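See below for target_13.txt, which holds compact mmCIF, C-alpha atoms and all ligand atoms.
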# COMPACT_ATOMS: atom_id res chain seq x y z
CA MET H 1 25.74 13.69 -16.68
CA SER H 2 24.84 10.56 -18.67
CA GLU H 3 22.97 10.85 -21.96
CA ILE H 4 19.94 9.19 -20.39
CA VAL H 5 19.74 11.60 -17.47
CA ASP H 6 20.17 14.42 -19.98
CA LEU H 7 17.24 13.15 -22.06
CA ASP H 8 15.21 12.61 -18.90
CA LYS H 9 15.77 16.19 -17.82
CA LYS H 10 14.71 17.47 -21.22
CA HIS H 11 11.53 15.45 -21.61
CA LEU H 12 10.31 13.73 -18.46
CA TRP H 13 8.31 14.70 -15.41
CA HIS H 14 8.64 12.64 -12.24
CA PRO H 15 5.96 11.66 -9.69
CA PHE H 16 5.70 13.50 -6.33
CA THR H 17 8.73 15.61 -7.29
CA GLN H 18 9.52 19.33 -7.19
CA GLU H 19 11.51 19.29 -10.42
CA GLN H 20 13.24 22.60 -9.74
CA THR H 21 14.94 21.60 -6.52
CA ALA H 22 15.16 17.79 -6.79
CA PRO H 23 18.62 16.30 -7.35
CA ASP H 24 19.18 14.67 -10.78
CA PRO H 25 17.51 11.27 -11.01
CA ILE H 26 19.79 8.26 -10.65
CA GLU H 27 19.96 6.09 -13.76
CA ILE H 28 19.43 2.41 -12.95
CA VAL H 29 20.50 -0.16 -15.55
CA ARG H 30 19.88 -3.51 -13.86
CA ALA H 31 18.31 -5.00 -10.78
CA LYS H 32 18.77 -8.33 -9.03
CA ASP H 33 17.36 -9.58 -5.72
CA ALA H 34 17.50 -6.68 -3.25
CA SER H 35 19.97 -4.64 -5.32
CA LEU H 36 19.72 -1.96 -7.98
CA LEU H 37 22.74 -1.24 -10.17
CA GLY H 38 23.36 2.36 -11.24
CA ALA H 39 24.76 3.36 -14.64
CA ASP H 40 27.87 4.60 -12.81
CA GLY H 41 28.47 1.13 -11.39
CA LYS H 42 27.18 2.01 -7.94
CA GLU H 43 24.93 -0.49 -6.14
CA TYR H 44 21.87 0.47 -4.12
CA LEU H 45 20.15 -1.77 -1.63
CA ASP H 46 16.40 -1.39 -2.26
CA LEU H 47 15.02 -1.02 1.27
CA ILE H 48 11.61 0.26 0.21
CA SER H 49 10.89 -2.43 -2.40
CA SER H 50 10.77 0.26 -5.11
CA TRP H 51 7.71 2.01 -3.72
CA TRP H 52 6.35 -1.13 -2.05
CA THR H 53 5.99 -3.09 -5.31
CA CYS H 54 8.83 -5.63 -5.25
CA ALA H 55 7.93 -8.74 -3.23
CA HIS H 56 10.41 -11.60 -3.61
CA GLY H 57 13.27 -9.65 -5.16
CA HIS H 58 14.09 -7.86 -8.40
CA ALA H 59 14.24 -9.88 -11.64
CA HIS H 60 13.05 -13.02 -9.86
CA PRO H 61 13.69 -15.81 -12.41
CA GLN H 62 10.37 -17.63 -11.85
CA ILE H 63 8.31 -14.49 -12.45
CA ALA H 64 10.50 -13.33 -15.34
CA GLU H 65 10.00 -16.70 -17.02
CA ALA H 66 6.23 -16.64 -16.51
CA VAL H 67 5.97 -13.15 -18.04
CA ALA H 68 8.22 -14.07 -21.00
CA HIS H 69 6.22 -17.21 -21.69
CA GLN H 70 2.93 -15.32 -21.47
CA ALA H 71 4.23 -12.57 -23.79
CA GLU H 72 4.89 -15.14 -26.47
CA THR H 73 1.47 -16.79 -26.01
CA LEU H 74 -1.15 -14.10 -25.39
CA GLU H 75 0.03 -10.61 -24.51
CA HIS H 76 -3.39 -8.98 -24.22
CA VAL H 77 -7.03 -9.33 -25.19
CA ILE H 78 -10.12 -7.20 -24.58
CA PHE H 79 -11.72 -8.35 -21.31
CA ALA H 80 -15.35 -7.50 -22.13
CA GLY H 81 -16.84 -10.63 -23.63
CA PHE H 82 -13.52 -12.51 -23.46
CA THR H 83 -11.51 -14.27 -20.78
CA HIS H 84 -8.26 -16.22 -20.39
CA ALA H 85 -6.51 -18.72 -18.14
CA PRO H 86 -4.17 -16.32 -16.27
CA ALA H 87 -7.10 -14.10 -15.18
CA ALA H 88 -9.34 -17.02 -14.20
CA ASN H 89 -6.62 -18.92 -12.33
CA LEU H 90 -5.52 -15.80 -10.49
CA GLY H 91 -9.14 -15.09 -9.55
CA ARG H 92 -9.47 -18.57 -8.07
CA LYS H 93 -6.20 -18.21 -6.17
CA LEU H 94 -7.02 -14.76 -4.74
CA ALA H 95 -10.47 -15.94 -3.69
CA ALA H 96 -8.97 -18.98 -1.95
CA LYS H 97 -6.28 -17.01 -0.09
CA SER H 98 -8.30 -13.96 0.95
CA PRO H 99 -10.49 -14.02 4.05
CA GLY H 100 -14.05 -15.30 4.08
CA GLU H 101 -16.37 -14.57 1.24
CA LEU H 102 -14.32 -12.30 -1.03
CA ASP H 103 -14.94 -14.51 -4.04
CA ARG H 104 -15.35 -11.99 -6.86
CA VAL H 105 -12.49 -10.07 -8.54
CA PHE H 106 -12.69 -6.91 -10.66
CA TYR H 107 -9.29 -6.24 -12.27
CA SER H 108 -7.67 -2.91 -13.11
CA ASP H 109 -4.09 -1.70 -13.28
CA ASN H 110 -3.01 0.44 -10.30
CA GLY H 111 -3.83 1.12 -6.69
CA SER H 112 -5.77 4.31 -7.35
CA THR H 113 -8.10 2.56 -9.79
CA ALA H 114 -8.54 -0.36 -7.38
CA VAL H 115 -9.73 2.20 -4.80
CA GLU H 116 -11.84 4.17 -7.30
CA ILE H 117 -13.60 0.93 -8.24
CA ALA H 118 -14.20 -0.03 -4.61
CA LEU H 119 -15.76 3.37 -3.85
CA LYS H 120 -17.93 3.26 -6.97
CA LEU H 121 -19.03 -0.32 -6.25
CA ALA H 122 -19.99 0.63 -2.69
CA ILE H 123 -22.04 3.61 -3.90
CA GLN H 124 -23.72 1.70 -6.74
CA PHE H 125 -24.40 -1.30 -4.49
CA SER H 126 -26.53 1.00 -2.37
CA TYR H 127 -28.05 2.73 -5.41
CA ASN H 128 -29.06 -0.61 -6.90
CA ARG H 129 -30.70 -1.60 -3.63
CA GLY H 130 -32.71 1.59 -3.69
CA ASP H 131 -31.37 3.07 -0.44
CA LYS H 132 -29.00 5.48 -2.21
CA LYS H 133 -26.50 5.98 0.58
CA LYS H 134 -24.03 8.63 -0.47
CA ARG H 135 -21.77 9.33 2.49
CA LEU H 136 -18.24 7.94 2.62
CA LEU H 137 -16.07 7.63 5.72
CA ALA H 138 -12.29 7.50 5.99
CA PHE H 139 -9.56 7.98 8.60
CA GLU H 140 -7.44 11.08 9.07
CA GLY H 141 -4.02 10.41 7.53
CA GLY H 142 -5.28 7.65 5.21
CA TYR H 143 -3.81 7.69 1.69
CA HIS H 144 -5.73 5.94 -1.06
CA GLY H 145 -4.45 7.25 -4.39
CA ASP H 146 -4.35 10.22 -6.73
CA THR H 147 -7.58 10.02 -8.76
CA PHE H 148 -10.48 12.23 -7.63
CA GLY H 149 -12.16 9.54 -5.57
CA GLY H 150 -8.82 8.44 -4.14
CA MET H 151 -7.83 12.03 -3.34
CA SER H 152 -11.19 12.72 -1.72
CA VAL H 153 -10.81 9.87 0.80
CA SER H 154 -7.17 10.98 1.35
CA ARG H 155 -8.00 14.66 1.83
CA GLU H 156 -6.74 14.83 5.42
CA THR H 157 -3.17 13.97 4.36
CA GLY H 158 -3.04 17.53 2.99
CA PHE H 159 -1.31 16.32 -0.19
CA PHE H 160 -4.04 17.59 -2.51
CA ARG H 161 -4.79 21.20 -1.60
CA PRO H 162 -5.36 22.57 -5.15
CA PHE H 163 -8.21 20.10 -5.68
CA GLU H 164 -9.97 20.26 -2.33
CA GLU H 165 -12.93 22.32 -3.52
CA LEU H 166 -13.64 19.84 -6.29
CA MET H 167 -13.53 16.71 -4.15
CA ILE H 168 -16.47 14.50 -3.31
CA ALA H 169 -17.74 14.83 0.26
CA VAL H 170 -16.06 12.49 2.73
CA ASP H 171 -16.21 12.45 6.53
CA PHE H 172 -13.10 11.67 8.56
CA LEU H 173 -12.50 9.85 11.83
CA PRO H 174 -9.55 10.22 14.20
CA TYR H 175 -6.89 7.54 13.71
CA PRO H 176 -5.51 6.06 16.95
CA GLU H 177 -1.95 5.49 15.77
CA THR H 178 0.28 3.70 18.22
CA TRP H 179 3.87 2.54 18.80
CA ALA H 180 6.00 0.47 21.17
CA GLY H 181 5.42 1.45 24.80
CA ASP H 182 2.50 3.76 24.00
CA ASP H 183 0.50 3.91 27.24
CA ALA H 184 -2.25 6.13 25.79
CA VAL H 185 -3.31 3.63 23.12
CA GLU H 186 -6.51 2.55 24.84
CA THR H 187 -7.61 6.14 25.44
CA LYS H 188 -6.99 7.02 21.77
CA GLU H 189 -8.86 3.95 20.54
CA ALA H 190 -11.79 4.63 22.85
CA ALA H 191 -12.01 8.23 21.55
CA ALA H 192 -11.91 7.06 17.90
CA LEU H 193 -14.58 4.42 18.57
CA ALA H 194 -16.75 6.97 20.36
CA ALA H 195 -16.44 9.27 17.33
CA LEU H 196 -17.44 6.37 15.08
CA ASP H 197 -20.42 5.51 17.32
CA ALA H 198 -21.62 9.11 17.28
CA TYR H 199 -21.20 9.31 13.52
CA LEU H 200 -23.07 6.07 12.89
CA GLU H 201 -25.84 7.14 15.22
CA ALA H 202 -26.30 10.37 13.24
CA HIS H 203 -25.47 9.24 9.68
CA GLY H 204 -25.15 5.43 9.62
CA SER H 205 -28.20 4.97 7.43
CA GLU H 206 -26.83 7.41 4.80
CA THR H 207 -23.30 5.99 4.75
CA ALA H 208 -22.23 3.60 1.99
CA ALA H 209 -18.78 2.61 3.17
CA LEU H 210 -15.72 3.24 5.29
CA ILE H 211 -12.29 2.87 3.70
CA VAL H 212 -9.18 2.11 5.75
CA GLU H 213 -5.57 1.08 5.20
CA PRO H 214 -5.61 -1.90 7.58
CA LEU H 215 -2.96 -1.99 10.37
CA VAL H 216 -0.59 0.48 8.66
CA GLN H 217 -1.18 3.85 7.00
CA GLY H 218 1.65 3.88 4.46
CA ALA H 219 2.16 7.23 2.76
CA SER H 220 1.33 9.34 5.79
CA GLY H 221 4.25 7.81 7.69
CA MET H 222 3.84 4.07 8.39
CA ARG H 223 1.33 4.89 11.13
CA MET H 224 0.15 1.71 12.83
CA VAL H 225 -2.94 0.65 14.77
CA ARG H 226 -3.63 -2.48 16.79
CA PRO H 227 -5.66 -5.31 15.23
CA GLU H 228 -8.13 -5.05 18.14
CA PHE H 229 -9.09 -1.58 16.96
CA LEU H 230 -9.91 -2.79 13.43
CA ARG H 231 -12.04 -5.61 14.87
CA GLN H 232 -14.02 -3.10 16.91
CA VAL H 233 -14.52 -0.89 13.84
CA ALA H 234 -15.61 -3.85 11.70
CA PHE H 235 -18.14 -4.97 14.33
CA ARG H 236 -19.73 -1.51 14.55
CA LEU H 237 -19.98 -1.15 10.78
CA LYS H 238 -21.61 -4.54 10.44
CA MET H 239 -24.23 -3.57 13.01
CA ALA H 240 -24.88 -0.31 11.14
CA GLY H 241 -25.00 -1.93 7.68
CA VAL H 242 -22.05 0.11 6.39
CA LEU H 243 -19.62 -1.62 4.00
CA LEU H 244 -15.97 -1.96 5.08
CA ILE H 245 -13.32 -1.41 2.39
CA PHE H 246 -9.77 -2.55 3.18
CA ASP H 247 -7.26 -0.70 1.02
CA GLU H 248 -4.50 -3.34 1.05
CA VAL H 249 -2.61 -1.78 -1.86
CA MET H 250 0.45 -1.43 0.40
CA THR H 251 -0.25 -3.99 3.15
CA GLY H 252 -1.12 -6.87 0.81
CA PHE H 253 1.17 -9.75 -0.10
CA GLY H 254 3.18 -10.38 3.02
CA ARG H 255 4.13 -6.93 4.24
CA THR H 256 2.43 -7.28 7.65
CA GLY H 257 3.77 -10.81 8.14
CA ASP H 258 0.64 -12.49 6.79
CA LEU H 259 -0.50 -12.64 3.16
CA PHE H 260 -3.07 -9.92 3.85
CA ALA H 261 -3.53 -7.53 6.78
CA SER H 262 -7.15 -8.71 6.97
CA LEU H 263 -5.90 -12.21 7.84
CA LYS H 264 -3.45 -10.88 10.41
CA ALA H 265 -6.12 -8.66 12.01
CA GLU H 266 -8.76 -11.40 11.70
CA VAL H 267 -11.23 -9.03 10.11
CA GLN H 268 -13.60 -9.85 7.28
CA PRO H 269 -13.93 -6.77 5.04
CA ASP H 270 -16.62 -6.48 2.34
CA LEU H 271 -14.26 -5.12 -0.31
CA VAL H 272 -10.48 -5.29 -0.66
CA CYS H 273 -8.19 -3.26 -2.93
CA LEU H 274 -4.95 -4.92 -4.07
CA SER H 275 -2.12 -3.72 -6.30
CA LYS H 276 1.58 -2.80 -5.78
CA ALA H 277 3.17 -6.18 -4.82
CA ILE H 278 0.40 -8.24 -6.47
CA THR H 279 2.68 -9.10 -9.42
CA GLY H 280 5.78 -9.34 -7.23
CA GLY H 281 6.65 -5.91 -8.59
CA PHE H 282 6.84 -6.86 -12.30
CA MET H 283 3.71 -5.47 -13.98
CA PRO H 284 1.02 -2.88 -13.29
CA LEU H 285 -2.04 -4.82 -12.11
CA ALA H 286 -4.74 -4.31 -9.51
CA ALA H 287 -7.70 -6.21 -8.16
CA THR H 288 -10.79 -5.08 -6.28
CA MET H 289 -12.30 -8.08 -4.48
CA VAL H 290 -15.88 -8.17 -3.26
CA THR H 291 -18.31 -10.62 -1.71
CA ASN H 292 -20.84 -12.45 -3.86
CA GLU H 293 -23.52 -10.62 -1.88
CA ILE H 294 -22.30 -7.31 -3.35
CA TYR H 295 -21.90 -8.82 -6.82
CA ALA H 296 -25.48 -10.13 -6.77
CA GLU H 297 -26.89 -6.58 -6.45
CA PHE H 298 -25.50 -5.77 -9.91
CA LEU H 299 -27.37 -8.62 -11.64
CA ALA H 300 -30.60 -7.98 -13.55
CA ASP H 301 -32.20 -8.44 -16.97
CA ASP H 302 -31.54 -4.81 -17.84
CA PHE H 303 -28.21 -3.03 -18.25
CA GLY H 304 -29.03 -0.32 -15.72
CA ARG H 305 -27.77 -2.26 -12.71
CA ALA H 306 -24.47 -3.30 -14.36
CA PHE H 307 -21.14 -1.79 -13.31
CA PHE H 308 -20.31 0.58 -16.15
CA HIS H 309 -16.57 0.70 -15.58
CA GLY H 310 -13.47 -0.74 -17.26
CA HIS H 311 -9.93 -0.03 -18.35
CA SER H 312 -8.17 -0.85 -21.62
CA TYR H 313 -5.74 -3.13 -19.83
CA THR H 314 -8.25 -4.80 -17.50
CA ALA H 315 -6.93 -8.27 -16.55
CA ASN H 316 -3.80 -7.91 -18.69
CA PRO H 317 -2.50 -11.48 -19.16
CA LEU H 318 1.14 -10.50 -18.52
CA GLY H 319 0.17 -8.99 -15.18
CA CYS H 320 -1.98 -11.97 -14.25
CA ALA H 321 0.82 -14.41 -15.21
CA ALA H 322 3.30 -12.47 -13.06
CA ALA H 323 0.84 -12.45 -10.15
CA LEU H 324 0.27 -16.22 -10.43
CA ALA H 325 4.03 -16.86 -10.41
CA SER H 326 4.38 -14.61 -7.36
CA MET H 327 1.55 -16.47 -5.58
CA GLU H 328 3.43 -19.75 -6.19
CA ILE H 329 6.46 -18.29 -4.42
CA PHE H 330 4.21 -17.39 -1.48
CA GLU H 331 3.29 -21.08 -1.30
CA GLU H 332 6.91 -21.97 -0.50
CA LEU H 333 7.62 -22.30 3.22
CA GLU H 334 10.96 -20.55 2.71
CA THR H 335 9.24 -17.28 1.76
CA TRP H 336 7.50 -17.16 5.14
CA GLU H 337 10.73 -18.08 6.93
CA ARG H 338 12.42 -15.13 5.22
CA ILE H 339 9.58 -12.83 6.23
CA GLN H 340 9.93 -13.98 9.85
CA ILE H 341 13.69 -13.40 9.80
CA ILE H 342 13.15 -9.83 8.52
CA GLU H 343 10.76 -9.17 11.40
CA LYS H 344 13.25 -10.65 13.89
CA VAL H 345 16.15 -8.48 12.64
CA HIS H 346 13.89 -5.39 12.67
CA GLN H 347 12.84 -6.17 16.25
CA GLU H 348 16.43 -6.61 17.49
CA ARG H 349 17.62 -3.41 15.86
CA LEU H 350 14.58 -1.39 17.00
CA ASN H 351 15.08 -2.69 20.55
CA ALA H 352 18.65 -1.38 20.46
CA LEU H 353 17.30 2.04 19.45
CA MET H 354 14.49 2.12 21.99
CA SER H 355 16.03 4.82 24.19
CA HIS H 356 17.88 6.72 21.45
CA PRO H 357 17.56 10.44 22.27
CA ARG H 358 16.91 11.58 18.68
CA ILE H 359 14.02 9.25 17.88
CA HIS H 360 10.70 8.06 19.25
CA ARG H 361 7.53 6.14 18.31
CA GLN H 362 9.40 2.97 17.34
CA ARG H 363 6.98 0.59 15.62
CA LEU H 364 6.91 -2.71 13.76
CA THR H 365 4.36 -4.83 11.91
CA GLY H 366 5.73 -7.84 10.02
CA THR H 367 8.36 -6.65 7.52
CA ILE H 368 7.62 -2.93 8.08
CA ALA H 369 9.73 -1.11 10.69
CA ALA H 370 9.50 2.62 11.34
CA PHE H 371 10.25 5.40 13.80
CA ASP H 372 10.05 9.20 13.97
CA ILE H 373 13.06 11.49 14.20
CA ARG H 374 12.30 14.22 16.72
CA ALA H 375 11.89 17.44 14.73
CA ASP H 376 10.24 20.82 15.21
CA ASP H 377 8.81 20.63 11.68
CA ALA H 378 7.54 17.02 11.87
CA GLY H 379 5.53 16.00 8.81
CA TYR H 380 5.95 15.15 5.13
CA THR H 381 7.92 18.34 4.38
CA ALA H 382 10.30 18.07 7.37
CA ALA H 383 13.63 19.70 6.48
CA ILE H 384 15.69 16.71 7.58
CA ALA H 385 14.15 14.42 4.94
CA PRO H 386 16.22 15.46 1.85
CA ARG H 387 19.45 15.62 3.86
CA ILE H 388 19.07 12.21 5.42
CA LYS H 389 17.93 10.69 2.11
CA GLU H 390 21.08 12.03 0.44
CA HIS H 391 23.15 10.54 3.27
CA PHE H 392 21.57 7.12 2.67
CA PHE H 393 22.01 7.30 -1.13
CA GLN H 394 25.71 8.17 -0.70
CA ARG H 395 26.07 4.93 1.23
CA GLY H 396 24.22 2.86 -1.35
CA LEU H 397 21.02 2.56 0.69
CA LEU H 398 17.71 3.30 -1.02
CA ILE H 399 15.75 4.57 1.99
CA ARG H 400 13.19 7.35 1.36
CA PRO H 401 12.06 9.02 4.57
CA LEU H 402 8.42 10.10 4.71
CA GLY H 403 9.21 13.52 6.18
CA ASN H 404 10.71 12.87 9.62
CA VAL H 405 9.67 9.20 9.52
CA ILE H 406 12.35 6.64 8.67
CA TYR H 407 11.07 3.23 7.62
CA LEU H 408 12.29 -0.01 6.08
CA LEU H 409 10.07 -2.17 3.89
CA PRO H 410 12.46 -4.53 2.11
CA PRO H 411 11.88 -7.24 -0.49
CA TYR H 412 11.68 -10.68 1.13
CA CYS H 413 14.91 -11.94 -0.47
CA ILE H 414 16.97 -9.50 1.60
CA THR H 415 19.63 -11.28 3.69
CA PRO H 416 20.10 -10.59 7.42
CA GLU H 417 23.56 -9.23 6.54
CA GLN H 418 22.07 -6.74 4.06
CA LEU H 419 19.30 -5.75 6.46
CA ASN H 420 21.79 -5.20 9.29
CA ARG H 421 23.84 -3.06 6.91
CA ALA H 422 20.76 -0.88 6.41
CA TRP H 423 20.23 -0.54 10.18
CA ASP H 424 23.96 0.29 10.63
CA GLY H 425 23.45 3.01 8.00
CA ILE H 426 20.47 4.36 9.93
CA GLU H 427 22.46 4.46 13.18
CA ALA H 428 25.28 6.30 11.40
CA ALA H 429 22.82 8.80 9.91
CA LEU H 430 21.36 9.51 13.37
CA LYS H 431 24.89 10.43 14.49
CA GLU H 432 25.96 12.39 11.44
CA VAL H 433 22.96 14.18 9.90
CA ASN H 434 21.37 17.27 11.43
C1 LIG D 1 0.14 3.45 -3.33
C2 LIG D 1 -1.18 3.35 -2.75
C3 LIG D 1 -2.34 3.63 -3.50
C4 LIG D 1 -2.27 4.12 -4.91
O1 LIG D 1 -1.68 3.15 -5.74
P1 LIG D 1 -1.07 3.62 -7.15
O2 LIG D 1 -0.71 2.32 -7.82
O3 LIG D 1 0.15 4.44 -6.81
O4 LIG D 1 -2.09 4.39 -7.86
C5 LIG D 1 -3.56 3.45 -2.88
N1 LIG D 1 -3.66 3.03 -1.60
C6 LIG D 1 -2.57 2.76 -0.86
C7 LIG D 1 -2.75 2.27 0.55
C8 LIG D 1 -1.30 2.92 -1.39
O5 LIG D 1 -0.22 2.66 -0.63
For the file at hand, write its structure as structure tokens.
Amino acid sequence: MSEIVDLDKKHLWHPFTQEQTAPDPIEIVRAKDASLLGADGKEYLDLISSWWTCAHGHAHPQIAEAVAHQAETLEHVIFAGFTHAPAANLGRKLAAKSPGELDRVFYSDNGSTAVEIALKLAIQFSYNRGDKKKRLLAFEGGYHGDTFGGMSVSRETGFFRPFEELMIAVDFLPYPETWAGDDAVETKEAAALAALDAYLEAHGSETAALIVEPLVQGASGMRMVRPEFLRQVAFRLKMAGVLLIFDEVMTGFGRTGDLFASLKAEVQPDLVCLSKAITGGFMPLAATMVTNEIYAEFLADDFGRAFFHGHSYTANPLGCAAALASMEIFEELETWERIQIIEKVHQERLNALMSHPRIHRQRLTGTIAAFDIRADDAGYTAAIAPRIKEHFFQRGLLIRPLGNVIYLLPPYCITPEQLNRAWDGIEAALKEVN
């Protein structure tokens, strides 16, 4: 065991990990493009973009340079009463690239805080208007983060049992997940929309907002819905005067094949949460974007209507500089060509697996491909998950199944050769691992 792993095991505590049974962590010493280099000299192909953060590739020189330059110029400054060019320029860019009227940015530093802020803004928006709507709506299976607000709107994932009694009240709707060749999709969508109609009829006037991971629920297993469904939901909420929050923490920045899932689905949400790939995977940064209509409700002569919320590292200049550099890379045509090639390779390889006896529910949105392994214990704790993960790691493939769901969500620099190597590894695993 290396000295670093030894120290780690003495002092550190890892996220989402049962420390007693987990294998020793793998020490990584360098990263470049789609590859991670282990201390033992072994290379791993990063097929999950290091928890969905990495966008263009690891150690991308343009982003590295922007961060280094910013670190030597202005590393951080309090953001109450002060501002700086990286924050302002990023705000302009995000406003220009996001759909419709999302012109106002509130920065924080991770996905959970971006969600917490969106929920609080939605509640206070209503409070400031004097209608004091308190109900929140979410979808079964949605995952929105690990803070109390985030956990509360993620309750139906079942990840947070010890805290359930302390959560804020949230109502949940059925989620009409779908896949290639699903002939029940319209029935499922109609049932979900009927449930929404009934809910809005009974509680619409007390409901502040609905939060949804647009097009793809990430953590609960890359569960996808059709854009048509989101458009129907958005239309009903607008009629009922309920705010629509898009949690694009995972789907943002190219994952679905467009810069944002809202653009791909052609839906105009009222609030959007961004983080993960916002800096290309370099720095912790998040943004909650809202319309000027929402912002205006917080303006007054007295302090009472203001949003009393902030974090020490709000609008950190290093994060903003990284995000700006990443946005420049999104302005290159080549980036979008790479994203299209990833989708094409995914589609070819999924097609070849369409009638594979061990798997079903093949699905694809942009750069995200997924399917379920048939298992009696389907779900996040499926027994096959650790075995198949170990199989992938042995072959130098960083693929982390979500229970019995296998998915690929690579950085955009990945080559077709590398991506095909990952799919070959998946096919081998389906033969060899039980
Ligand atoms: C990861 C994630 C979050 C939480 O982000 P953190 O940065 O891990 O706190 C929230 N929403 C979605 C959709 C996510 O995928």
Original post:
Leu36 of chain H: which residues within 9 Å, counting all atoms listed in the file, same-chain residues fewer than 5 positions away excluded, as a PyMOL selection string?
Top reply: chain H and resi 28-31+42-46+58+398
Subject >> Length of the atom CA of Tyr127 of chain H to atom CA of Phe303 of chain H vector [Å] >> reply: 14.1 Å
Original post:
Neighbours of ligand LIG 1 (chain D) within 6 Å, counting only C-alpha atoms and all ligand atoms, as a list in words?
Top reply: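 I would give the residues around ligand LIG 1 (chain D) as Asn110, Gly111, Ser112, Tyr143, His144, Gly145, Glu213, Gly218, Asp247, Glu248, Val249, Met250 and Lys276 of chain H.
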Closest contacts (segment 297-350 of chain H/segment 106-109 of chain H, max 8 Å, only C-alpha atoms) as a Markdown table:
| residue | atom | partner | partner_atom | distance |
| --- | --- | --- | --- | --- |
| H:Gly310 | CA | H:Ser108 | CA | 7.5 |
| H:His311 | CA | H:Ser108 | CA | 6.4 |
| H:Tyr313 | CA | H:Asp109 | CA | 6.9 |
| H:Thr314 | CA | H:Ser108 | CA | 4.8 |
| H:Ala315 | CA | H:Tyr107 | CA | 5.3 |
Original post:
If I put a ball of radius 7 Å at (5.4, -6.7, 4.1) in the file's coordinates, which residues poke into it when counting only C-alpha atoms, written as a VMD selection string?
Top reply: chain H and resid 251 253 to 257 366 to 368 409
Find the smallest box with edges along x, y and z containing every listed atom of segment 398-411 of chain H, then add 8 Å on each side and report centre and edge lengths in Å to one decimal, as AutoDock Vina command-line options.
--center_x 13.1 --center_y 3.1 --center_z 4.3 --size_x 25.3 --size_y 36.8 --size_z 26.6
Original post:
Which of these, H:Cys413, H:Glu266, H:Val212, H:Arg236, has the shortest distance to Glu334 of chain H once you count all atoms listed in the file?
Top reply: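 Of H:Cys413, H:Glu266, H:Val212, H:Arg236, the one nearest Glu334 of chain H is H:Cys413, counting all atoms listed in the file.
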**OP:** Please identify all polymer residues lying at most 9 Å from the point (14.3, 12.2, 5.8) (file coordinates), using all atoms listed in the file, and present the result as a PyMOL selection string.
**Re:** chain H and resi 373+380-390+399-406
Original post:
Just how far from atom CA of Gln124 of chain H is atom CA of Leu259 of chain H, in Å to one decimal?
Top reply: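 One can read the atom CA of Leu259 of chain H to atom CA of Gln124 of chain H distance as 29.0 Å.
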**OP:** Rank H:Asp302, H:Pro227, H:Gly379, H:Ile339 by their smallest atom-to-atom distance to Thr157 of chain H, using all atoms listed in the file, and report the top residue only.
**Re:**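 Between H:Asp302, H:Pro227, H:Gly379, H:Ile339, the residue approaching Thr157 of chain H most closely is H:Gly379.
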Original post:
Within 7 Å of segment 83-99 of chain H, counting all atoms listed in the file, which residues qualify if same-chain residues fewer than 6 places away don't, as a list in words?
Top reply: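 The neighbour list is Val105, Ser262, Leu263, Gln268, Ala315, Pro317, Cys320, Ala321 and Leu324 of chain H.
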Original post:
Rounded to one decimal in Å, what is the spacing between atom CA of Asp33 of chain H and atom CA of His60 of chain H?
Top reply: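 If I compute the distance from atom CA of Asp33 of chain H to atom CA of His60 of chain H, I get 6.9 Å.
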Subject >> H:Tyr175, H:Phe160, H:Phe371, H:Tyr412 ranked by distance to Leu193 of chain H, top pick (using all atoms listed in the file) >> reply: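 Ranked by minimum distance to Leu193 of chain H, first place goes to H:Tyr175.
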**OP:** Pick out the closest residue to Ser50 of chain H from this set: H:Met289, H:Ala277, H:Ala323, H:Ala429. Count all atoms listed in the file.
**Re:** H:Ala277
**OP:** Find, counting all atoms listed in the file, the residue in H:Ala370, H:Ile4, H:Val345, H:Leu173 that gets nearest to Arg223 of chain H.
**Re:** H:Ala370
**OP:** Have a look at H:Ser275, H:Asn316, H:Ser220, H:Thr415 and name the one nearest to Arg338 of chain H; count only C-alpha atoms.
**Re:** H:Thr415
Give me the residues within 8 Å of Pro176 of chain H as a short mmCIF file (atom, residue, chain, number, x, y, z; two decimals) with C-alpha atoms, keeping the file's coordinate frame, counting only C-alpha atoms and dropping any in the same chain fewer than 6 places off.
data_model
loop_
_atom_site.label_atom_id
_atom_site.label_comp_id
_atom_site.auth_asym_id
_atom_site.auth_seq_id
_atom_site.Cartn_x
_atom_site.Cartn_y
_atom_site.Cartn_z
CA VAL H 185 -3.31 3.63 23.12
CA LYS H 188 -6.99 7.02 21.77
CA GLU H 189 -8.86 3.95 20.54
CA ALA H 192 -11.91 7.06 17.90
CA VAL H 225 -2.94 0.65 14.77
#
Subject >> Contact residues around Ile123 of chain H with only C-alpha atoms at 9 Å, ignoring same-chain residues under 2 positions, as a PyMOL selection string >> reply: chain H and resi 118-121+125-128+132-136+208-209
